[in-house]
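Here is protein.cif, consisting of mmCIF, C-alpha atoms:
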```cif
data_final
#
loop_
_atom_site.label_atom_id
_atom_site.label_comp_id
_atom_site.auth_asym_id
_atom_site.auth_seq_id
_atom_site.Cartn_x
_atom_site.Cartn_y
_atom_site.Cartn_z
CA THR A 162 -14.41 9.67 6.38
CA THR A 163 -12.41 8.75 9.48
CA ALA A 164 -11.78 10.92 12.53
CA THR A 165 -8.97 9.03 14.28
CA GLN A 166 -6.03 6.77 13.50
CA ALA A 167 -8.01 3.85 14.94
CA GLU A 168 -10.85 4.59 12.51
CA THR A 169 -8.38 4.74 9.60
CA GLU A 170 -7.03 1.34 10.68
CA ALA A 171 -10.60 0.02 10.89
CA ALA A 172 -11.23 1.28 7.34
CA GLY A 173 -8.15 -0.67 6.23
CA GLY A 174 -9.55 -3.74 7.99
CA ASP A 175 -12.87 -3.39 6.18
CA TYR A 176 -11.06 -2.94 2.87
CA ALA A 177 -8.96 -6.07 3.47
CA ARG A 178 -12.10 -8.19 3.20
CA THR A 179 -12.26 -7.31 -0.51
CA LEU A 180 -8.66 -8.33 -1.29
CA ARG A 181 -7.46 -11.40 -3.16
CA PRO A 182 -3.95 -12.63 -3.97
CA GLY A 183 -2.68 -10.70 -6.97
CA ASP A 184 -4.36 -7.41 -5.99
CA VAL A 185 -2.14 -4.35 -6.20
CA VAL A 186 -3.21 -1.37 -4.09
CA ALA A 187 -1.70 2.02 -4.91
CA LEU A 188 -1.90 4.28 -1.85
CA ARG A 189 -1.94 8.05 -2.33
CA GLY A 190 -1.75 10.76 0.29
CA GLU A 191 0.52 13.36 1.79
CA LEU A 192 3.04 12.64 4.53
CA GLY A 193 1.10 11.74 7.68
CA ALA A 194 -2.20 11.14 5.87
CA GLY A 195 -2.57 7.65 7.31
CA LYS A 196 -1.33 5.33 4.56
CA THR A 197 0.59 3.10 6.98
CA ALA A 198 -2.30 3.09 9.47
CA PHE A 199 -4.60 1.93 6.68
CA VAL A 200 -2.20 -0.90 5.75
CA ARG A 201 -1.79 -1.81 9.44
CA GLY A 202 -5.56 -2.22 9.72
CA ALA A 203 -5.67 -4.35 6.59
CA LEU A 204 -2.89 -6.60 7.89
CA ARG A 205 -4.60 -6.99 11.26
CA ALA A 206 -7.82 -8.04 9.50
CA LEU A 207 -5.81 -10.59 7.51
CA GLY A 208 -4.49 -12.13 10.72
CA TRP A 209 -1.08 -10.46 11.15
CA ASP A 210 -0.51 -9.63 14.82
CA GLY A 211 3.12 -8.46 14.71
CA PRO A 212 4.46 -4.94 14.27
CA VAL A 213 3.60 -2.95 11.14
CA ALA A 214 5.70 0.06 10.25
CA SER A 215 6.25 2.06 7.10
CA PRO A 216 8.98 0.41 5.03
CA THR A 217 10.62 3.78 4.36
CA PHE A 218 14.19 2.52 4.73
CA ALA A 219 13.69 -1.16 3.88
CA ILE A 220 11.58 -0.21 0.80
CA VAL A 221 9.48 -3.38 1.27
CA ASN A 222 8.20 -5.32 4.26
CA GLU A 223 6.72 -8.75 3.70
CA TYR A 224 4.07 -10.43 5.86
CA GLU A 225 2.56 -13.92 5.89
CA THR A 226 -1.17 -13.70 6.57
CA ALA A 227 -4.22 -15.95 6.43
CA LEU A 228 -4.74 -14.71 2.85
CA GLY A 229 -1.11 -15.42 1.94
CA ARG A 230 1.87 -13.19 1.33
CA VAL A 231 1.44 -9.41 1.58
CA ALA A 232 4.13 -6.99 0.40
CA HIS A 233 4.10 -3.41 1.71
CA PHE A 234 6.25 -1.02 -0.37
CA ASP A 235 7.28 2.58 0.27
CA MET A 236 8.28 4.28 -2.98
CA TYR A 237 9.06 7.68 -1.47
CA ARG A 238 12.72 7.54 -2.52
CA ILE A 239 12.18 5.80 -5.88
CA GLU A 240 12.73 8.22 -8.74
CA ASN A 241 13.10 6.15 -11.90
CA GLU A 242 12.76 2.73 -13.52
CA ASP A 243 16.28 1.60 -12.53
CA ALA A 244 15.65 2.40 -8.88
CA LEU A 245 12.30 0.62 -9.01
CA TRP A 246 13.83 -2.44 -10.66
CA SER A 247 16.41 -2.73 -7.85
CA THR A 248 13.63 -2.99 -5.20
CA GLY A 249 12.40 -6.35 -6.50
CA PHE A 250 8.95 -4.81 -7.07
CA TYR A 251 8.28 -6.69 -10.29
CA ASP A 252 8.89 -10.04 -8.59
CA TYR A 253 5.79 -9.42 -6.46
CA LEU A 254 3.49 -9.04 -9.47
CA ASP A 255 3.21 -12.77 -10.17
CA GLY A 256 -0.33 -12.96 -8.77
CA SER A 257 0.57 -14.74 -5.54
CA ALA A 258 0.74 -11.73 -3.19
CA VAL A 259 -1.30 -8.71 -2.24
CA VAL A 260 0.86 -5.63 -2.84
CA PHE A 261 0.38 -2.29 -1.06
CA ILE A 262 2.35 0.65 -2.47
CA GLU A 263 2.80 3.85 -0.45
CA TRP A 264 3.83 6.89 -2.51
CA SER A 265 2.57 5.10 -5.62
CA GLU A 266 2.53 8.39 -7.51
CA ASN A 267 6.34 8.12 -7.66
CA ILE A 268 6.06 4.98 -9.79
CA ALA A 269 3.03 5.93 -11.90
CA PHE A 270 5.12 5.01 -14.95
CA ALA A 271 5.10 1.36 -13.80
CA LEU A 272 1.41 1.03 -12.90
CA ASP A 273 0.29 0.31 -16.45
CA PHE A 274 -1.92 -2.60 -15.44
CA PRO A 275 -5.27 -2.83 -13.62
CA HIS A 276 -4.87 -2.01 -9.94
CA ARG A 277 -6.77 -0.47 -7.05
CA THR A 278 -6.17 3.00 -5.65
CA VAL A 279 -6.78 4.22 -2.11
CA SER A 280 -6.48 8.01 -1.78
CA ILE A 281 -6.32 9.46 1.72
CA ALA A 282 -6.71 13.20 2.21
CA GLY A 283 -6.19 15.00 5.50
CA GLU A 284 -3.39 15.86 7.87
CA GLY A 285 -2.56 16.40 11.51
CA ASP A 286 -5.26 15.35 13.94
CA GLY A 287 -8.09 16.25 11.57
CA PRO A 288 -10.46 13.90 9.76
CA ARG A 289 -9.42 11.82 6.76
CA ARG A 290 -11.35 11.35 3.55
CA ILE A 291 -10.65 7.95 1.99
CA VAL A 292 -11.60 7.27 -1.63
CA TYR A 293 -11.38 3.83 -3.27
CA THR A 294 -11.10 3.36 -7.05
CA GLU A 295 -10.29 0.63 -9.52
CA ALA A 296 -7.71 1.90 -11.99
CA GLN A 297 -7.26 0.81 -15.56
CA PRO A 298 -4.08 1.47 -17.51
#
```
In structure tokens, write the structure found in this file.
Amino acid sequence: TTATQAETEAAGGDYARTLRPGDVVALRGELGAGKTAFVRGALRALGWDGPVASPTFAIVNEYETALGRVAHFDMYRIENEDALWSTGFYDYLDGSAVVFIEWSENIAFALDFPHRTVSIAGEGDGPRRIVYTEAQP
């Protein structure tokens, strides 16, 4: 459980220590739950010191970190396989990058391989409950 955005970022930083190239992390949570804050904390822990914003309009932001390449996707506007294909998502599944996916529930049809899930519940200025799972297809 986290009480502030800074604590949610710190949780992301702690989580980053468990990541390896090839890991895919499906993030779940309502708008404003803290998905981007969590990813920001993970990127900071991996050595990225530049800006980190939700890739809502770009669909994907890519970062070079001490661990290697990290791709941060926002699938909010992705509604089907054709739209997903056009994002270049599948190119990132070659095992060389860590992939974070916000709004992963929108592409559940494509997550038919082992991946991690981070579910964040909470809204507004209230506390967040973060649950980590390993998903199997």
Inset, instruction - Please write the residues picked by the PyMOL selection byres ((chain A and resi 216) around 9) on this file as a VMD selection string. - result: chain A and resid 213 to 215 217 to 222 233 to 236 263
Inset, instruction - Could you tell me which residues the PyMOL selection byres ((chain A and resi 163-172) around 10) returns for this structure, as a PyMOL selection string? - result: chain A and resi 162+173-177+194-206+281+283+286-291
Inset, instruction - Enter the distance from CA of Asp210 (chain A) to CA of Glu266 (chain A), in Å, rounded to one decimal. - result: 28.9 Å
Legend entry - Point-to-point distance in Å for CA of Glu284 (chain A) and CA of Ala271 (chain A): 27.4 Å
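Every protein, DNA or RNA residue with an atom at most 8 Å from Ile239 (chain A), where all atoms listed in the file count and chain neighbours fewer than 6 positions away do not, is listed here: A:Leu245, A:Asn267, A:Ile268.
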Inset, instruction - Apply the PyMOL selection byres ((chain A and resi 181) around 10) to the structure shown and report the selected residues as a list in words. - result: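 Those residues are Ala177, Arg178, Thr179, Leu180, Pro182, Gly183, Asp184, Val185, Leu228, Gly229, Gly256, Ser257, Ala258 and Val259 of chain A.
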Inset, instruction - Find, counting only C-alpha atoms, the residue in A:Tyr237, A:Tyr293, A:Phe250, A:Tyr224 that gets nearest to Leu272 (chain A). - result: A:Phe250
Inset, instruction - Please measure the separation of CA of Gly208 (chain A) and CA of Gly285 (chain A), giving the value in Å to one decimal. - result: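 Taking CA of Gly208 (chain A) and CA of Gly285 (chain A), their separation equals 28.6 Å.
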Inset, instruction - Compare A:Ala244, A:Leu192, A:Ala187, A:Ala269 by their minimum atom-to-atom distance to Ala232 (chain A), counting only C-alpha atoms, and give me the closest one. - result: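 Of A:Ala244, A:Leu192, A:Ala187, A:Ala269, the one nearest Ala232 (chain A) is A:Ala187, counting only C-alpha atoms.
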Inset, instruction - Could you tell me which of A:Ile262, A:Ala227, A:Ala282, A:Leu254 comes closest to Gly190 (chain A) if we count only C-alpha atoms? - result: A:Ala282
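With distances restricted to only C-alpha atoms, A:Phe270 is the closest residue to Glu240 (chain A) from A:Val292, A:Phe270, A:Gly211, A:His276.
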Thr278 (chain A) environment, 7 Å, only C-alpha atoms, sequence neighbours closer than 5 positions dropped, as a CSV table (one decimal) with C-alpha atoms, in the coordinates of the input:
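Output file around06.csv is given in full below:
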```csv
chain,number,residue,atom,x,y,z
A,186,VAL,CA,-3.2,-1.4,-4.1
A,187,ALA,CA,-1.7,2.0,-4.9
A,188,LEU,CA,-1.9,4.3,-1.8
A,293,TYR,CA,-11.4,3.8,-3.3
A,294,THR,CA,-11.1,3.4,-7.0
A,295,GLU,CA,-10.3,0.6,-9.5
A,296,ALA,CA,-7.7,1.9,-12.0
```
Please output region 203-229 of chain A, rebuilt to include N, CA, C and O atoms, as a PDB file, keeping the file's coordinate frame.
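Okay, selection.pdb is ready:
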```
ATOM      1  N   ALA A 203      -5.450  -3.267   7.545  1.00  0.00           N
ATOM      2  CA  ALA A 203      -5.670  -4.350   6.590  1.00  0.00           C
ATOM      3  C   ALA A 203      -4.923  -5.605   7.035  1.00  0.00           C
ATOM      4  O   ALA A 203      -5.479  -6.717   7.021  1.00  0.00           O
ATOM      5  N   LEU A 204      -3.683  -5.440   7.451  1.00  0.00           N
ATOM      6  CA  LEU A 204      -2.890  -6.600   7.890  1.00  0.00           C
ATOM      7  C   LEU A 204      -3.491  -7.245   9.135  1.00  0.00           C
ATOM      8  O   LEU A 204      -3.535  -8.477   9.243  1.00  0.00           O
ATOM      9  N   ARG A 205      -3.966  -6.436  10.055  1.00  0.00           N
ATOM     10  CA  ARG A 205      -4.600  -6.990  11.260  1.00  0.00           C
ATOM     11  C   ARG A 205      -5.826  -7.829  10.871  1.00  0.00           C
ATOM     12  O   ARG A 205      -6.041  -8.917  11.391  1.00  0.00           O
ATOM     13  N   ALA A 206      -6.624  -7.318   9.939  1.00  0.00           N
ATOM     14  CA  ALA A 206      -7.820  -8.040   9.500  1.00  0.00           C
ATOM     15  C   ALA A 206      -7.459  -9.341   8.786  1.00  0.00           C
ATOM     16  O   ALA A 206      -8.243 -10.293   8.794  1.00  0.00           O
ATOM     17  N   LEU A 207      -6.273  -9.376   8.195  1.00  0.00           N
ATOM     18  CA  LEU A 207      -5.810 -10.590   7.510  1.00  0.00           C
ATOM     19  C   LEU A 207      -5.098 -11.553   8.447  1.00  0.00           C
ATOM     20  O   LEU A 207      -4.586 -12.577   8.012  1.00  0.00           O
ATOM     21  N   GLY A 208      -5.037 -11.209   9.735  1.00  0.00           N
ATOM     22  CA  GLY A 208      -4.490 -12.130  10.720  1.00  0.00           C
ATOM     23  C   GLY A 208      -3.084 -11.846  11.199  1.00  0.00           C
ATOM     24  O   GLY A 208      -2.561 -12.586  12.033  1.00  0.00           O
ATOM     25  N   TRP A 209      -2.445 -10.799  10.697  1.00  0.00           N
ATOM     26  CA  TRP A 209      -1.080 -10.460  11.150  1.00  0.00           C
ATOM     27  C   TRP A 209      -1.170  -9.757  12.494  1.00  0.00           C
ATOM     28  O   TRP A 209      -1.884  -8.768  12.640  1.00  0.00           O
ATOM     29  N   ASP A 210      -0.443 -10.268  13.503  1.00  0.00           N
ATOM     30  CA  ASP A 210      -0.510  -9.630  14.820  1.00  0.00           C
ATOM     31  C   ASP A 210       0.830  -9.044  15.261  1.00  0.00           C
ATOM     32  O   ASP A 210       0.960  -8.566  16.383  1.00  0.00           O
ATOM     33  N   GLY A 211       1.815  -9.036  14.385  1.00  0.00           N
ATOM     34  CA  GLY A 211       3.120  -8.460  14.710  1.00  0.00           C
ATOM     35  C   GLY A 211       3.153  -6.976  14.394  1.00  0.00           C
ATOM     36  O   GLY A 211       2.145  -6.367  14.030  1.00  0.00           O
ATOM     37  N   PRO A 212       4.327  -6.378  14.539  1.00  0.00           N
ATOM     38  CA  PRO A 212       4.460  -4.940  14.270  1.00  0.00           C
ATOM     39  C   PRO A 212       4.274  -4.634  12.776  1.00  0.00           C
ATOM     40  O   PRO A 212       4.587  -5.457  11.918  1.00  0.00           O
ATOM     41  N   VAL A 213       3.757  -3.447  12.505  1.00  0.00           N
ATOM     42  CA  VAL A 213       3.600  -2.950  11.140  1.00  0.00           C
ATOM     43  C   VAL A 213       4.095  -1.522  11.120  1.00  0.00           C
ATOM     44  O   VAL A 213       3.544  -0.663  11.809  1.00  0.00           O
ATOM     45  N   ALA A 214       5.136  -1.280  10.364  1.00  0.00           N
ATOM     46  CA  ALA A 214       5.700   0.060  10.250  1.00  0.00           C
ATOM     47  C   ALA A 214       5.894   0.388   8.775  1.00  0.00           C
ATOM     48  O   ALA A 214       5.954  -0.510   7.931  1.00  0.00           O
ATOM     49  N   SER A 215       5.987   1.652   8.474  1.00  0.00           N
ATOM     50  CA  SER A 215       6.250   2.060   7.100  1.00  0.00           C
ATOM     51  C   SER A 215       7.623   1.514   6.682  1.00  0.00           C
ATOM     52  O   SER A 215       8.590   1.637   7.425  1.00  0.00           O
ATOM     53  N   PRO A 216       7.698   0.929   5.488  1.00  0.00           N
ATOM     54  CA  PRO A 216       8.980   0.410   5.030  1.00  0.00           C
ATOM     55  C   PRO A 216       9.858   1.471   4.370  1.00  0.00           C
ATOM     56  O   PRO A 216      10.509   1.222   3.365  1.00  0.00           O
ATOM     57  N   THR A 217       9.902   2.648   4.954  1.00  0.00           N
ATOM     58  CA  THR A 217      10.620   3.780   4.360  1.00  0.00           C
ATOM     59  C   THR A 217      12.068   3.437   4.039  1.00  0.00           C
ATOM     60  O   THR A 217      12.542   3.731   2.950  1.00  0.00           O
ATOM     61  N   PHE A 218      12.775   2.811   4.949  1.00  0.00           N
ATOM     62  CA  PHE A 218      14.190   2.520   4.730  1.00  0.00           C
ATOM     63  C   PHE A 218      14.401   1.152   4.108  1.00  0.00           C
ATOM     64  O   PHE A 218      15.318   0.963   3.314  1.00  0.00           O
ATOM     65  N   ALA A 219      13.567   0.193   4.435  1.00  0.00           N
ATOM     66  CA  ALA A 219      13.690  -1.160   3.880  1.00  0.00           C
ATOM     67  C   ALA A 219      13.136  -1.226   2.465  1.00  0.00           C
ATOM     68  O   ALA A 219      13.433  -2.170   1.739  1.00  0.00           O
ATOM     69  N   ILE A 220      12.309  -0.285   2.065  1.00  0.00           N
ATOM     70  CA  ILE A 220      11.580  -0.210   0.800  1.00  0.00           C
ATOM     71  C   ILE A 220      10.409  -1.188   0.764  1.00  0.00           C
ATOM     72  O   ILE A 220       9.337  -0.857   0.307  1.00  0.00           O
ATOM     73  N   VAL A 221      10.590  -2.421   1.253  1.00  0.00           N
ATOM     74  CA  VAL A 221       9.480  -3.380   1.270  1.00  0.00           C
ATOM     75  C   VAL A 221       9.537  -4.196   2.560  1.00  0.00           C
ATOM     76  O   VAL A 221      10.604  -4.599   3.006  1.00  0.00           O
ATOM     77  N   ASN A 222       8.375  -4.381   3.156  1.00  0.00           N
ATOM     78  CA  ASN A 222       8.200  -5.320   4.260  1.00  0.00           C
ATOM     79  C   ASN A 222       7.247  -6.399   3.778  1.00  0.00           C
ATOM     80  O   ASN A 222       6.273  -6.103   3.089  1.00  0.00           O
ATOM     81  N   GLU A 223       7.539  -7.630   4.137  1.00  0.00           N
ATOM     82  CA  GLU A 223       6.720  -8.750   3.700  1.00  0.00           C
ATOM     83  C   GLU A 223       6.097  -9.420   4.922  1.00  0.00           C
ATOM     84  O   GLU A 223       6.741  -9.571   5.953  1.00  0.00           O
ATOM     85  N   TYR A 224       4.840  -9.815   4.778  1.00  0.00           N
ATOM     86  CA  TYR A 224       4.070 -10.430   5.860  1.00  0.00           C
ATOM     87  C   TYR A 224       3.401 -11.692   5.348  1.00  0.00           C
ATOM     88  O   TYR A 224       2.928 -11.720   4.213  1.00  0.00           O
ATOM     89  N   GLU A 225       3.335 -12.714   6.191  1.00  0.00           N
ATOM     90  CA  GLU A 225       2.560 -13.920   5.890  1.00  0.00           C
ATOM     91  C   GLU A 225       1.252 -13.813   6.659  1.00  0.00           C
ATOM     92  O   GLU A 225       1.264 -13.678   7.876  1.00  0.00           O
ATOM     93  N   THR A 226       0.141 -13.856   5.955  1.00  0.00           N
ATOM     94  CA  THR A 226      -1.170 -13.700   6.570  1.00  0.00           C
ATOM     95  C   THR A 226      -2.061 -14.882   6.208  1.00  0.00           C
ATOM     96  O   THR A 226      -1.671 -15.742   5.411  1.00  0.00           O
ATOM     97  N   ALA A 227      -3.250 -14.898   6.745  1.00  0.00           N
ATOM     98  CA  ALA A 227      -4.220 -15.950   6.430  1.00  0.00           C
ATOM     99  C   ALA A 227      -4.552 -15.954   4.941  1.00  0.00           C
ATOM    100  O   ALA A 227      -4.869 -17.008   4.375  1.00  0.00           O
ATOM    101  N   LEU A 228      -4.475 -14.804   4.280  1.00  0.00           N
ATOM    102  CA  LEU A 228      -4.740 -14.710   2.850  1.00  0.00           C
ATOM    103  C   LEU A 228      -3.529 -15.124   2.023  1.00  0.00           C
ATOM    104  O   LEU A 228      -3.642 -15.440   0.855  1.00  0.00           O
ATOM    105  N   GLY A 229      -2.362 -15.132   2.643  1.00  0.00           N
ATOM    106  CA  GLY A 229      -1.110 -15.420   1.940  1.00  0.00           C
ATOM    107  C   GLY A 229      -0.134 -14.275   2.139  1.00  0.00           C
ATOM    108  O   GLY A 229      -0.257 -13.471   3.061  1.00  0.00           O
TER     109      GLY A 229
END
```
